$ cat input04.cif   # mmCIF, C-alpha atoms
data_query
#
loop_
_atom_site.label_atom_id
_atom_site.label_comp_id
_atom_site.auth_asym_id
_atom_site.auth_seq_id
_atom_site.Cartn_x
_atom_site.Cartn_y
_atom_site.Cartn_z
CA MET A 16 0.00 0.00 0.00
CA ARG A 17 1.61 3.25 -1.17
CA PHE A 18 0.08 6.68 -1.59
CA GLU A 19 1.06 9.43 -4.00
CA THR A 20 -0.99 12.15 -2.33
CA VAL A 21 -2.30 12.94 1.13
CA GLN A 22 -5.84 12.79 -0.24
CA GLN A 23 -5.28 9.20 -1.37
CA LEU A 24 -4.02 8.37 2.11
CA LEU A 25 -7.06 9.94 3.77
CA ALA A 26 -9.41 8.14 1.39
CA ALA A 27 -7.93 4.80 2.51
CA ILE A 28 -9.12 5.34 6.08
CA THR A 29 -12.59 3.86 5.97
CA PRO A 30 -15.06 2.34 8.46
CA ASP A 31 -15.86 -1.36 8.36
CA PRO A 32 -18.92 -3.06 9.93
CA ARG A 33 -16.61 -5.79 11.23
CA GLU A 34 -15.08 -3.27 13.63
CA GLU A 35 -18.06 -3.41 15.96
CA GLU A 36 -18.28 -7.19 15.65
CA ALA A 37 -14.64 -7.54 16.74
CA ARG A 38 -15.15 -5.05 19.57
CA GLN A 39 -18.12 -6.98 20.93
CA ALA A 40 -16.22 -10.26 20.66
CA ALA A 41 -13.38 -8.73 22.68
CA HIS A 42 -15.86 -7.41 25.22
CA ARG A 43 -17.35 -10.89 25.61
CA GLN A 44 -13.88 -12.31 26.06
CA TRP A 45 -13.18 -9.88 28.91
CA ALA A 46 -16.56 -10.69 30.47
CA SER A 47 -15.68 -14.39 30.52
CA ILE A 48 -12.55 -13.85 32.64
CA ALA A 49 -13.01 -14.59 36.34
CA LYS A 50 -12.70 -11.05 37.66
CA PRO A 51 -15.05 -8.13 38.36
CA LEU A 52 -16.51 -6.60 35.22
CA ASP A 53 -14.43 -3.81 33.63
CA SER A 54 -11.98 -4.03 36.53
CA LEU A 55 -8.92 -3.37 34.35
CA GLY A 56 -10.49 -0.12 33.23
CA LEU A 57 -8.67 1.60 30.36
CA LEU A 58 -6.59 -1.49 29.67
CA GLU A 59 -9.74 -3.41 28.76
CA THR A 60 -10.89 -0.53 26.58
CA ALA A 61 -7.51 -0.43 24.83
CA VAL A 62 -7.68 -4.13 23.97
CA GLU A 63 -11.23 -3.72 22.65
CA ASP A 64 -10.12 -0.70 20.59
CA ILE A 65 -7.28 -2.71 19.09
CA ALA A 66 -9.61 -5.61 18.30
CA ALA A 67 -11.98 -3.25 16.51
CA LEU A 68 -9.17 -1.61 14.54
CA THR A 69 -7.60 -4.90 13.45
CA LEU A 70 -10.99 -6.57 12.86
CA ASP A 71 -9.88 -9.49 15.04
CA HIS A 72 -10.59 -10.13 18.73
CA ARG A 73 -7.50 -12.36 18.88
CA VAL A 74 -5.22 -9.45 19.70
CA ASP A 75 -1.52 -10.07 19.03
CA LEU A 76 0.99 -7.34 19.93
CA SER A 77 4.03 -9.62 20.14
CA ARG A 78 5.91 -7.67 17.47
CA ARG A 79 6.23 -3.96 18.13
CA SER A 80 8.35 -1.06 16.91
CA LEU A 81 9.00 2.52 17.94
CA LEU A 82 9.45 4.94 15.06
CA LEU A 83 11.81 7.63 16.39
CA LEU A 84 11.68 10.65 14.07
CA CYS A 85 14.69 12.98 14.30
CA ALA A 86 14.67 16.52 12.89
CA ASP A 87 16.01 19.99 13.63
CA ASN A 88 14.12 23.24 13.95
CA GLY A 89 15.24 26.66 12.71
CA VAL A 90 13.51 28.40 15.62
CA LEU A 91 16.43 27.25 17.75
CA ALA A 92 18.13 30.48 16.60
CA GLN A 93 15.81 32.38 18.96
CA GLY A 94 17.33 30.87 22.10
CA VAL A 95 14.33 28.66 22.87
CA ALA A 96 16.38 25.73 24.19
CA GLN A 97 19.44 25.27 26.34
CA SER A 98 20.99 22.82 23.86
CA GLY A 99 22.05 23.15 20.23
CA HIS A 100 21.20 21.15 17.16
CA GLU A 101 24.28 19.00 17.70
CA VAL A 102 22.36 17.24 20.49
CA THR A 103 19.75 16.04 17.99
CA ALA A 104 22.48 14.33 15.98
CA ALA A 105 24.14 12.93 19.11
CA VAL A 106 20.92 11.31 20.33
CA ALA A 107 20.22 9.99 16.82
CA ARG A 108 23.68 8.40 16.76
CA ASN A 109 23.07 6.84 20.16
CA ALA A 110 19.70 5.53 19.02
CA GLY A 111 21.30 4.08 15.89
CA ALA A 112 23.73 2.27 18.16
CA ASN A 113 20.88 1.19 20.47
CA ARG A 114 22.21 3.29 23.36
CA SER A 115 19.75 6.17 23.81
CA SER A 116 17.32 6.49 26.74
CA VAL A 117 14.37 5.05 24.87
CA CYS A 118 16.47 2.15 23.60
CA LYS A 119 17.17 1.04 27.18
CA MET A 120 13.47 1.23 28.07
CA ALA A 121 12.41 -0.41 24.80
CA ALA A 122 14.66 -3.39 25.50
CA VAL A 123 12.67 -4.07 28.67
CA ALA A 124 9.42 -3.73 26.72
CA GLY A 125 10.60 -6.00 23.90
CA CYS A 126 10.21 -3.17 21.41
CA ARG A 127 12.45 -2.49 18.43
CA VAL A 128 13.59 1.13 18.00
CA VAL A 129 13.72 2.44 14.42
CA PRO A 130 15.48 5.84 14.30
CA VAL A 131 14.66 7.95 11.24
CA ASP A 132 16.41 11.11 10.00
CA MET A 133 13.54 13.28 8.80
CA GLY A 134 15.72 16.36 8.40
CA MET A 135 18.49 17.02 10.88
CA LYS A 136 20.73 20.02 10.40
CA GLU A 137 23.85 17.90 10.10
CA PRO A 138 23.54 15.87 6.88
CA GLY A 139 25.23 12.58 6.29
CA PRO A 140 24.44 8.91 6.89
CA ILE A 141 24.33 7.72 10.49
CA PRO A 142 24.73 3.99 11.11
CA GLY A 143 21.46 2.43 12.17
CA VAL A 144 19.37 5.49 11.23
CA LEU A 145 17.00 5.44 8.24
CA ASP A 146 17.46 8.33 5.80
CA ARG A 147 14.15 10.01 5.00
CA ARG A 148 15.53 13.54 4.92
CA LEU A 149 13.34 16.40 3.74
CA GLY A 150 15.93 19.13 4.30
CA ASP A 151 18.68 20.36 6.61
CA GLY A 152 16.21 21.26 9.35
CA THR A 153 13.24 23.59 9.03
CA GLY A 154 13.13 27.36 8.70
CA ASP A 155 12.93 29.71 11.67
CA ILE A 156 9.19 30.06 12.27
CA THR A 157 9.63 33.55 13.71
CA GLN A 158 10.90 34.68 10.30
CA GLY A 159 8.68 32.69 7.96
CA PRO A 160 7.17 29.24 7.43
CA ALA A 161 8.91 26.14 8.75
CA MET A 162 8.65 24.46 5.37
CA THR A 163 6.73 24.53 2.11
CA ARG A 164 3.34 22.92 1.88
CA ALA A 165 4.84 20.35 -0.50
CA GLN A 166 7.41 19.43 2.15
CA ALA A 167 4.70 19.10 4.79
CA GLU A 168 2.73 16.77 2.54
CA ARG A 169 5.85 14.75 1.76
CA ALA A 170 6.59 14.46 5.49
CA ILE A 171 3.06 13.17 6.13
CA LEU A 172 3.35 10.61 3.35
CA THR A 173 6.80 9.57 4.58
CA GLY A 174 5.39 8.91 8.05
CA ALA A 175 2.55 6.87 6.57
CA GLU A 176 5.01 4.86 4.48
CA LEU A 177 7.09 4.12 7.58
CA ALA A 178 4.01 2.84 9.39
CA LEU A 179 2.93 0.68 6.48
CA GLU A 180 6.45 -0.72 6.05
CA GLN A 181 6.33 -1.87 9.66
CA LYS A 182 2.91 -3.42 9.08
CA ALA A 183 4.25 -5.31 6.06
CA ALA A 184 7.09 -6.61 8.25
CA GLY A 185 4.56 -8.13 10.64
CA VAL A 186 4.57 -5.46 13.35
CA GLY A 187 1.30 -5.39 15.31
CA LEU A 188 1.91 -2.33 17.49
CA LEU A 189 3.62 0.97 16.68
CA ALA A 190 4.88 3.60 19.09
CA THR A 191 5.76 7.17 18.16
CA GLY A 192 8.81 9.08 19.31
CA GLU A 193 10.81 12.12 18.29
CA MET A 194 14.13 13.84 18.81
CA GLY A 195 14.66 17.44 17.80
CA ILE A 196 15.96 20.28 19.94
CA GLY A 197 13.41 23.10 19.83
CA ASN A 198 10.43 20.92 19.02
CA THR A 199 8.44 21.79 22.13
CA THR A 200 8.40 25.31 20.69
CA THR A 201 7.02 24.18 17.35
CA SER A 202 4.55 21.89 19.12
CA ALA A 203 3.34 24.78 21.27
CA ALA A 204 2.77 26.82 18.13
CA VAL A 205 0.86 23.94 16.50
CA ALA A 206 -1.24 23.45 19.65
CA CYS A 207 -2.05 27.17 19.82
CA ALA A 208 -3.09 27.21 16.18
CA LEU A 209 -5.32 24.13 16.46
CA LEU A 210 -6.85 24.77 19.88
CA GLY A 211 -7.01 28.55 19.88
CA GLY A 212 -5.13 28.85 23.17
CA SER A 213 -2.60 31.51 24.04
CA PRO A 214 1.15 30.81 24.00
CA ALA A 215 1.22 31.36 27.77
CA GLU A 216 -1.28 28.51 28.20
CA MET A 217 0.41 26.12 25.79
CA THR A 218 4.14 26.73 26.24
CA GLY A 219 6.28 25.05 28.88
CA ARG A 220 9.92 24.87 29.85
CA GLY A 221 10.72 21.88 27.64
CA ALA A 222 14.04 20.42 28.75
CA GLY A 223 14.34 22.78 31.71
CA LEU A 224 14.48 26.37 30.52
CA SER A 225 15.18 29.23 32.91
CA ASP A 226 12.66 32.03 33.37
CA ARG A 227 14.49 34.14 30.77
CA GLY A 228 14.61 31.19 28.40
CA LEU A 229 10.88 30.65 28.81
CA GLU A 230 10.28 34.33 28.00
CA ARG A 231 12.24 33.93 24.76
CA LYS A 232 10.27 30.80 23.94
CA LEU A 233 6.94 32.55 24.54
CA ARG A 234 7.98 35.45 22.31
CA ALA A 235 9.03 33.03 19.60
CA VAL A 236 5.65 31.25 19.64
CA GLU A 237 3.77 34.57 19.67
CA THR A 238 5.86 35.94 16.79
CA ALA A 239 5.53 32.74 14.74
CA LEU A 240 1.76 32.74 15.02
CA ALA A 241 1.44 36.45 14.24
CA HIS A 242 3.86 36.32 11.32
CA ASN A 243 2.66 33.11 9.66
CA ARG A 244 -1.06 33.18 10.52
CA PRO A 245 -1.60 29.39 10.25
CA ASP A 246 -5.12 28.37 9.28
CA PRO A 247 -6.64 26.19 12.05
CA ALA A 248 -9.08 24.73 9.53
CA ASP A 249 -6.15 23.43 7.46
CA PRO A 250 -3.80 21.18 9.50
CA ILE A 251 -1.32 20.92 6.63
CA ASP A 252 -1.07 24.70 6.58
CA VAL A 253 -0.42 24.65 10.35
CA LEU A 254 2.30 22.02 9.97
CA ALA A 255 3.93 23.85 7.08
CA LYS A 256 3.94 27.23 8.76
CA VAL A 257 4.79 26.49 12.40
CA GLY A 258 5.46 22.73 12.67
CA GLY A 259 8.46 20.53 12.05
CA PHE A 260 9.47 17.57 9.93
CA ASP A 261 9.12 15.32 12.99
CA ILE A 262 5.60 16.52 13.84
CA ALA A 263 4.42 16.20 10.23
CA GLY A 264 6.01 12.76 9.97
CA MET A 265 4.26 11.56 13.13
CA CYS A 266 0.99 12.92 11.78
CA GLY A 267 1.58 10.59 8.85
CA ILE A 268 2.34 7.64 11.14
CA PHE A 269 -1.08 8.00 12.78
CA LEU A 270 -2.76 8.24 9.38
CA GLY A 271 -0.77 5.28 8.07
CA GLY A 272 -1.67 3.27 11.16
CA ALA A 273 -5.35 3.95 10.56
CA ALA A 274 -5.09 3.09 6.85
CA GLY A 275 -3.15 -0.11 7.59
CA ARG A 276 -5.16 -0.97 10.72
CA VAL A 277 -2.15 -0.96 13.04
CA PRO A 278 -2.58 0.57 16.53
CA VAL A 279 -0.24 3.48 17.27
CA LEU A 280 0.76 4.55 20.77
CA MET A 281 1.03 8.30 21.19
CA ASP A 282 3.86 9.56 23.33
CA GLY A 283 3.69 13.02 24.96
CA PHE A 284 3.22 16.65 23.99
CA ILE A 285 4.87 16.61 20.57
CA SER A 286 3.30 13.31 19.57
CA THR A 287 -0.19 14.36 20.62
CA ALA A 288 0.13 17.64 18.71
CA ALA A 289 0.89 15.52 15.65
CA ALA A 290 -2.03 13.21 16.44
CA LEU A 291 -4.43 16.14 16.62
CA CYS A 292 -3.28 17.24 13.16
CA ALA A 293 -4.05 13.72 11.92
CA LEU A 294 -7.45 13.70 13.59
CA ARG A 295 -8.35 17.08 12.10
CA LEU A 296 -7.35 15.81 8.66
CA CYS A 297 -9.39 12.62 9.10
CA PRO A 298 -11.61 11.98 12.14
CA GLY A 299 -11.50 8.27 11.34
CA ALA A 300 -7.79 8.23 12.16
CA GLY A 301 -8.63 8.39 15.85
CA LYS A 302 -9.44 4.69 15.92
CA ALA A 303 -5.73 3.87 15.52
CA MET A 304 -4.57 6.13 18.39
CA LEU A 305 -3.79 4.92 21.89
CA ALA A 306 -2.81 7.38 24.64
CA SER A 307 0.19 6.20 26.63
CA HIS A 308 0.58 9.03 29.15
CA VAL A 309 -0.24 12.65 29.82
CA SER A 310 2.74 14.94 29.34
CA ALA A 311 3.89 17.30 32.08
CA GLU A 312 3.97 20.10 29.47
CA PRO A 313 1.14 22.66 29.96
CA ALA A 314 -0.80 21.62 26.85
CA GLY A 315 -0.48 17.89 27.48
CA ARG A 316 -3.91 17.41 29.04
CA ARG A 317 -5.65 19.81 26.65
CA LEU A 318 -4.38 17.93 23.63
CA LEU A 319 -5.57 14.58 24.99
CA ASP A 320 -8.96 16.11 25.75
CA ALA A 321 -9.19 17.42 22.18
CA LEU A 322 -8.30 13.94 20.92
CA GLY A 323 -10.91 12.34 23.17
CA LYS A 324 -8.28 10.04 24.66
CA ARG A 325 -7.51 9.05 28.25
CA PRO A 326 -3.93 8.17 29.22
CA LEU A 327 -2.86 4.84 30.68
CA ILE A 328 -0.08 6.53 32.69
CA THR A 329 -0.02 9.76 34.70
CA ALA A 330 3.56 10.05 35.92
CA GLY A 331 4.67 13.59 35.11
CA MET A 332 6.91 12.36 32.29
CA ARG A 333 8.50 14.66 29.71
CA LEU A 334 11.67 12.90 28.56
CA GLY A 335 10.64 12.52 24.92
CA GLU A 336 12.06 10.02 22.43
CA GLY A 337 8.89 7.94 22.79
CA THR A 338 9.71 6.87 26.35
CA GLY A 339 6.13 7.36 27.53
CA ALA A 340 4.79 5.26 24.67
CA VAL A 341 7.28 2.49 25.38
CA ALA A 342 6.46 2.60 29.10
CA ALA A 343 2.84 1.73 28.32
CA ILE A 344 3.68 -1.44 26.38
CA PRO A 345 4.24 -3.69 29.43
CA LEU A 346 0.84 -2.61 30.76
CA LEU A 347 -0.76 -3.80 27.53
CA ASP A 348 1.24 -7.03 27.72
CA MET A 349 -0.03 -7.71 31.24
CA ALA A 350 -3.60 -7.01 30.20
CA LEU A 351 -3.26 -9.36 27.22
CA ALA A 352 -1.80 -12.10 29.42
CA LEU A 353 -5.09 -12.10 31.30
CA TYR A 354 -7.26 -11.50 28.23
CA SER A 355 -5.71 -14.35 26.23
CA ASP A 356 -5.05 -16.92 28.94
CA GLY A 357 -6.92 -15.88 32.05
CA THR A 358 -8.98 -18.19 34.21
CA THR A 359 -12.59 -18.09 33.05
CA PHE A 360 -15.75 -18.22 35.13
CA GLY A 361 -16.64 -21.47 33.39
CA SER A 362 -13.43 -23.21 34.47
CA THR A 363 -13.68 -22.11 38.12
CA GLY A 364 -17.30 -22.87 38.85
CA ILE A 365 -17.77 -19.27 39.98
CA GLU A 366 -20.95 -17.63 38.80
CA ALA A 367 -20.18 -14.92 36.25
CA TYR A 368 -20.63 -11.30 37.22
CA THR A 369 -23.52 -9.50 35.56
CA PRO A 370 -24.10 -5.75 35.27
CA GLN A 371 -26.17 -4.43 38.15
CA GLY A 372 -28.55 -1.54 37.73
CA GLY A 373 -29.24 1.21 40.24
#
$ encode --input "input04.cif" --output "structure tokens"
Amino acid sequence: MRFETVQQLLAAITPDPREEEARQAAHRQWASIAKPLDSLGLLETAVEDIAALTLDHRVDLSRRSLLLLCADNGVLAQGVAQSGHEVTAAVARNAGANRSSVCKMAAVAGCRVVPVDMGMKEPGPIPGVLDRRLGDGTGDITQGPAMTRAQAERAILTGAELALEQKAAGVGLLATGEMGIGNTTTSAAVACALLGGSPAEMTGRGAGLSDRGLERKLRAVETALAHNRPDPADPIDVLAKVGGFDIAGMCGIFLGGAAGRVPVLMDGFISTAAALCALRLCPGAGKAMLASHVSAEPAGRRLLDALGKRPLITAGMRLGEGTGAVAAIPLLDMALALYSDGTTFGSTGIEAYTPQGG
């Protein structure tokens, strides 16, 4: 499955009457397990959502991958971060060598990490990192658009292709991650544009900015929005004007997951900003999205609310790289251990629970 245009990709995301059949079959499976009804809460809902998406109540997440999109942001020139673009490349190199923070966590979760260069400032092949470059970083959004609309569309399609490549390789669960110094600034601008909030409401300290650094970051977001005037009714316009290659690529991953019927775990602030772009482009894409955690960034909760998603984890995380998404995988594994091989009411001689009114 390959798409030449974003419109073709969106057209491939269609409902199927078998979705509800699979959901109900999964619900019956949970009800047969010898435990109180709905007692695993959101974990039960997640399994039912996955069954509906994949059209199969026999949920199998044994093969999973994290797509770690790496890109640089021109807005870094405005002093919005305490690190430089060289850190993006350093983390990408570590990820390629399976040494970055998320790689250590992913090993525990049995998840493969796939680093992808979407457009870092430092060109050149990095061992273990896929080359999907769209440029040497984006433009400074305080001076003009981050990228052209054509680049934004190409980034979306690239993300979708990455998701579908993983599906073709037999992966049953995707996780999203990113690495790009300055991308909490671009994400704040995207969130402001889509949700209509003020920069003060949506912008946080990222990787630990000082008060003066936060002031610079707020000014950058305010200037970017005023200068570029992104159209909230056109998510591609928002991505092109104030987003980043990583955000646009993750938007594509969510759309590709929906088209290929592969569940995709959102990570934190940057990932959920991308997910909201995907949802605004195609409401049907929401069926592929799973919320791992709620970011400690100011807009984290608001983005999840706009997506209509509830997080599995509330731990004040904001590391990035997809660490929140990876942290949720063992929770799903534990739920599936019970779902797939739990003791049933029938095998115990215990009378099954039934819903009680009143």
$ resolve_selection --input "input04.cif" --expression "the PyMOL selection byres ((chain A and resi 17) around 9)" --output "PyMOL selection string"
chain A and resi 16+18-19+24+172+175-176+179
$ residues_around --input "input04.cif" --residues "Pro298 of chain A" --least-positions-apart "3" --cutoff "12 Å" --atoms "all atoms listed in the file" --output "PyMOL selection string"
chain A and resi 25-26+28-30+269-270+273+290-295+301-304+321-323
$ resolve_selection --input "input04.cif" --expression "the PyMOL selection byres ((chain A and resi 71-76) around 8)" --output "list in words"
Ala37, Arg38, Ala40, Ala41, Val62, Glu63, Ile65, Ala66, Ala67, Leu68, Thr69, Leu70, Ser77, Arg78, Arg79, Val186, Gly187, Leu188, Asp348, Leu351 and Ser355 of chain A
$ closest_atom_pairs --input "input04.cif" --of "segment 172-273 of chain A" --to "segment 133-145 of chain A" --cutoff "12 Å" --atoms "all atoms listed in the file" --output "Markdown table"
| residue | atom | partner | partner_atom | distance |
| --- | --- | --- | --- | --- |
| A:Leu172 | CA | A:Met133 | CA | 11.9 |
| A:Thr173 | CA | A:Met133 | CA | 8.8 |
| A:Gly174 | CA | A:Met133 | CA | 9.3 |
| A:Leu177 | CA | A:Leu145 | CA | 10.0 |
| A:Glu193 | CA | A:Met133 | CA | 9.9 |
| A:Met194 | CA | A:Met135 | CA | 9.6 |
| A:Gly195 | CA | A:Met135 | CA | 7.9 |
| A:Ile196 | CA | A:Met135 | CA | 10.0 |
| A:Gly197 | CA | A:Met135 | CA | 12.0 |
| A:Gly259 | CA | A:Gly134 | CA | 9.1 |
| A:Phe260 | CA | A:Met133 | CA | 6.0 |
| A:Asp261 | CA | A:Met133 | CA | 6.4 |
| A:Ile262 | CA | A:Met133 | CA | 9.9 |
| A:Ala263 | CA | A:Met133 | CA | 9.7 |
| A:Gly264 | CA | A:Met133 | CA | 7.6 |
| A:Met265 | CA | A:Met133 | CA | 10.4 |
$ closest_atom_pairs --input "input04.cif" --of "segment 229-318 of chain A" --to "segment 324-345 of chain A" --cutoff "12 Å" --atoms "all atoms listed in the file" --output "Markdown table"
| residue | atom | partner | partner_atom | distance |
| --- | --- | --- | --- | --- |
| A:Asp261 | CA | A:Glu336 | CA | 11.2 |
| A:Met265 | CA | A:Gly337 | CA | 11.3 |
| A:Pro278 | CA | A:Ile344 | CA | 11.8 |
| A:Val279 | CA | A:Ala340 | CA | 9.1 |
| A:Leu280 | CA | A:Ala340 | CA | 5.7 |
| A:Met281 | CA | A:Ala340 | CA | 6.0 |
| A:Asp282 | CA | A:Ala340 | CA | 4.6 |
| A:Gly283 | CA | A:Gly339 | CA | 6.7 |
| A:Phe284 | CA | A:Arg333 | CA | 8.0 |
| A:Ile285 | CA | A:Gly335 | CA | 8.3 |
| A:Ser286 | CA | A:Gly337 | CA | 8.4 |
| A:Thr287 | CA | A:Lys324 | CA | 10.0 |
| A:Ala290 | CA | A:Lys324 | CA | 10.8 |
| A:Leu291 | CA | A:Lys324 | CA | 10.8 |
| A:Leu294 | CA | A:Lys324 | CA | 11.7 |
| A:Gly301 | CA | A:Lys324 | CA | 9.0 |
| A:Lys302 | CA | A:Lys324 | CA | 10.3 |
| A:Ala303 | CA | A:Lys324 | CA | 11.3 |
| A:Met304 | CA | A:Lys324 | CA | 8.3 |
| A:Leu305 | CA | A:Lys324 | CA | 7.4 |
| A:Ala306 | CA | A:Pro326 | CA | 4.8 |
| A:Ser307 | CA | A:Ala340 | CA | 5.1 |
| A:His308 | CA | A:Ile328 | CA | 4.4 |
| A:Val309 | CA | A:Thr329 | CA | 5.7 |
| A:Ser310 | CA | A:Met332 | CA | 5.7 |
| A:Ala311 | CA | A:Gly331 | CA | 4.9 |
| A:Glu312 | CA | A:Arg333 | CA | 7.1 |
| A:Pro313 | CA | A:Arg333 | CA | 10.9 |
| A:Ala314 | CA | A:Arg333 | CA | 12.0 |
| A:Gly315 | CA | A:Arg333 | CA | 9.8 |
| A:Arg316 | CA | A:Arg325 | CA | 9.1 |
| A:Arg317 | CA | A:Lys324 | CA | 10.3 |
| A:Leu318 | CA | A:Lys324 | CA | 8.9 |
$ resolve_selection --input "input04.cif" --expression "the PyMOL selection byres ((chain A and resi 254) around 12)" --output "PDB file with C-alpha atoms, in the coordinates of the input"
ATOM      1  CA  THR A 153      13.240  23.590   9.030  1.00  0.00           C
ATOM      2  CA  ILE A 156       9.190  30.060  12.270  1.00  0.00           C
ATOM      3  CA  PRO A 160       7.170  29.240   7.430  1.00  0.00           C
ATOM      4  CA  ALA A 161       8.910  26.140   8.750  1.00  0.00           C
ATOM      5  CA  MET A 162       8.650  24.460   5.370  1.00  0.00           C
ATOM      6  CA  THR A 163       6.730  24.530   2.110  1.00  0.00           C
ATOM      7  CA  ARG A 164       3.340  22.920   1.880  1.00  0.00           C
ATOM      8  CA  ALA A 165       4.840  20.350  -0.500  1.00  0.00           C
ATOM      9  CA  GLN A 166       7.410  19.430   2.150  1.00  0.00           C
ATOM     10  CA  ALA A 167       4.700  19.100   4.790  1.00  0.00           C
ATOM     11  CA  GLU A 168       2.730  16.770   2.540  1.00  0.00           C
ATOM     12  CA  ARG A 169       5.850  14.750   1.760  1.00  0.00           C
ATOM     13  CA  ALA A 170       6.590  14.460   5.490  1.00  0.00           C
ATOM     14  CA  ILE A 171       3.060  13.170   6.130  1.00  0.00           C
ATOM     15  CA  THR A 201       7.020  24.180  17.350  1.00  0.00           C
ATOM     16  CA  SER A 202       4.550  21.890  19.120  1.00  0.00           C
ATOM     17  CA  ALA A 203       3.340  24.780  21.270  1.00  0.00           C
ATOM     18  CA  ALA A 204       2.770  26.820  18.130  1.00  0.00           C
ATOM     19  CA  VAL A 205       0.860  23.940  16.500  1.00  0.00           C
ATOM     20  CA  ALA A 206      -1.240  23.450  19.650  1.00  0.00           C
ATOM     21  CA  CYS A 207      -2.050  27.170  19.820  1.00  0.00           C
ATOM     22  CA  ALA A 208      -3.090  27.210  16.180  1.00  0.00           C
ATOM     23  CA  LEU A 209      -5.320  24.130  16.460  1.00  0.00           C
ATOM     24  CA  LEU A 240       1.760  32.740  15.020  1.00  0.00           C
ATOM     25  CA  ASN A 243       2.660  33.110   9.660  1.00  0.00           C
ATOM     26  CA  ARG A 244      -1.060  33.180  10.520  1.00  0.00           C
ATOM     27  CA  PRO A 245      -1.600  29.390  10.250  1.00  0.00           C
ATOM     28  CA  ASP A 246      -5.120  28.370   9.280  1.00  0.00           C
ATOM     29  CA  PRO A 247      -6.640  26.190  12.050  1.00  0.00           C
ATOM     30  CA  ALA A 248      -9.080  24.730   9.530  1.00  0.00           C
ATOM     31  CA  ASP A 249      -6.150  23.430   7.460  1.00  0.00           C
ATOM     32  CA  PRO A 250      -3.800  21.180   9.500  1.00  0.00           C
ATOM     33  CA  ILE A 251      -1.320  20.920   6.630  1.00  0.00           C
ATOM     34  CA  ASP A 252      -1.070  24.700   6.580  1.00  0.00           C
ATOM     35  CA  VAL A 253      -0.420  24.650  10.350  1.00  0.00           C
ATOM     36  CA  ALA A 255       3.930  23.850   7.080  1.00  0.00           C
ATOM     37  CA  LYS A 256       3.940  27.230   8.760  1.00  0.00           C
ATOM     38  CA  VAL A 257       4.790  26.490  12.400  1.00  0.00           C
ATOM     39  CA  GLY A 258       5.460  22.730  12.670  1.00  0.00           C
ATOM     40  CA  GLY A 259       8.460  20.530  12.050  1.00  0.00           C
ATOM     41  CA  PHE A 260       9.470  17.570   9.930  1.00  0.00           C
ATOM     42  CA  ASP A 261       9.120  15.320  12.990  1.00  0.00           C
ATOM     43  CA  ILE A 262       5.600  16.520  13.840  1.00  0.00           C
ATOM     44  CA  ALA A 263       4.420  16.200  10.230  1.00  0.00           C
ATOM     45  CA  GLY A 264       6.010  12.760   9.970  1.00  0.00           C
ATOM     46  CA  MET A 265       4.260  11.560  13.130  1.00  0.00           C
ATOM     47  CA  CYS A 266       0.990  12.920  11.780  1.00  0.00           C
ATOM     48  CA  GLY A 267       1.580  10.590   8.850  1.00  0.00           C
ATOM     49  CA  ALA A 288       0.130  17.640  18.710  1.00  0.00           C
ATOM     50  CA  ALA A 289       0.890  15.520  15.650  1.00  0.00           C
ATOM     51  CA  ALA A 290      -2.030  13.210  16.440  1.00  0.00           C
ATOM     52  CA  LEU A 291      -4.430  16.140  16.620  1.00  0.00           C
ATOM     53  CA  CYS A 292      -3.280  17.240  13.160  1.00  0.00           C
ATOM     54  CA  ALA A 293      -4.050  13.720  11.920  1.00  0.00           C
ATOM     55  CA  ARG A 295      -8.350  17.080  12.100  1.00  0.00           C
ATOM     56  CA  LEU A 296      -7.350  15.810   8.660  1.00  0.00           C
TER      57      LEU A 296
END
$ decode --input "input04.cif" --residues "segment 73-81 of chain A" --atoms "N, CA and C atoms" --output "short mmCIF file (atom, residue, chain, number, x, y, z; two decimals), in the first residue's frame"
data_model
loop_
_atom_site.label_atom_id
_atom_site.label_comp_id
_atom_site.auth_asym_id
_atom_site.auth_seq_id
_atom_site.Cartn_x
_atom_site.Cartn_y
_atom_site.Cartn_z
N ARG A 73 -8.71 -11.65 18.44
CA ARG A 73 -7.50 -12.36 18.88
C ARG A 73 -6.31 -11.40 18.78
N VAL A 74 -6.20 -10.54 19.75
CA VAL A 74 -5.22 -9.45 19.70
C VAL A 74 -3.81 -9.99 19.90
N ASP A 75 -2.91 -9.62 18.98
CA ASP A 75 -1.52 -10.07 19.03
C ASP A 75 -0.61 -8.84 18.88
N LEU A 76 0.07 -8.48 19.95
CA LEU A 76 0.99 -7.34 19.93
C LEU A 76 2.42 -7.80 20.16
N SER A 77 2.72 -9.04 19.81
CA SER A 77 4.03 -9.62 20.14
C SER A 77 5.17 -8.96 19.39
N ARG A 78 4.87 -8.39 18.22
CA ARG A 78 5.91 -7.67 17.47
C ARG A 78 5.57 -6.19 17.50
N ARG A 79 6.49 -5.39 17.99
CA ARG A 79 6.23 -3.96 18.13
C ARG A 79 7.47 -3.15 17.79
N SER A 80 7.25 -1.95 17.29
CA SER A 80 8.35 -1.06 16.91
C SER A 80 8.04 0.36 17.32
N LEU A 81 9.08 1.08 17.71
CA LEU A 81 9.00 2.52 17.94
C LEU A 81 9.66 3.22 16.77
#
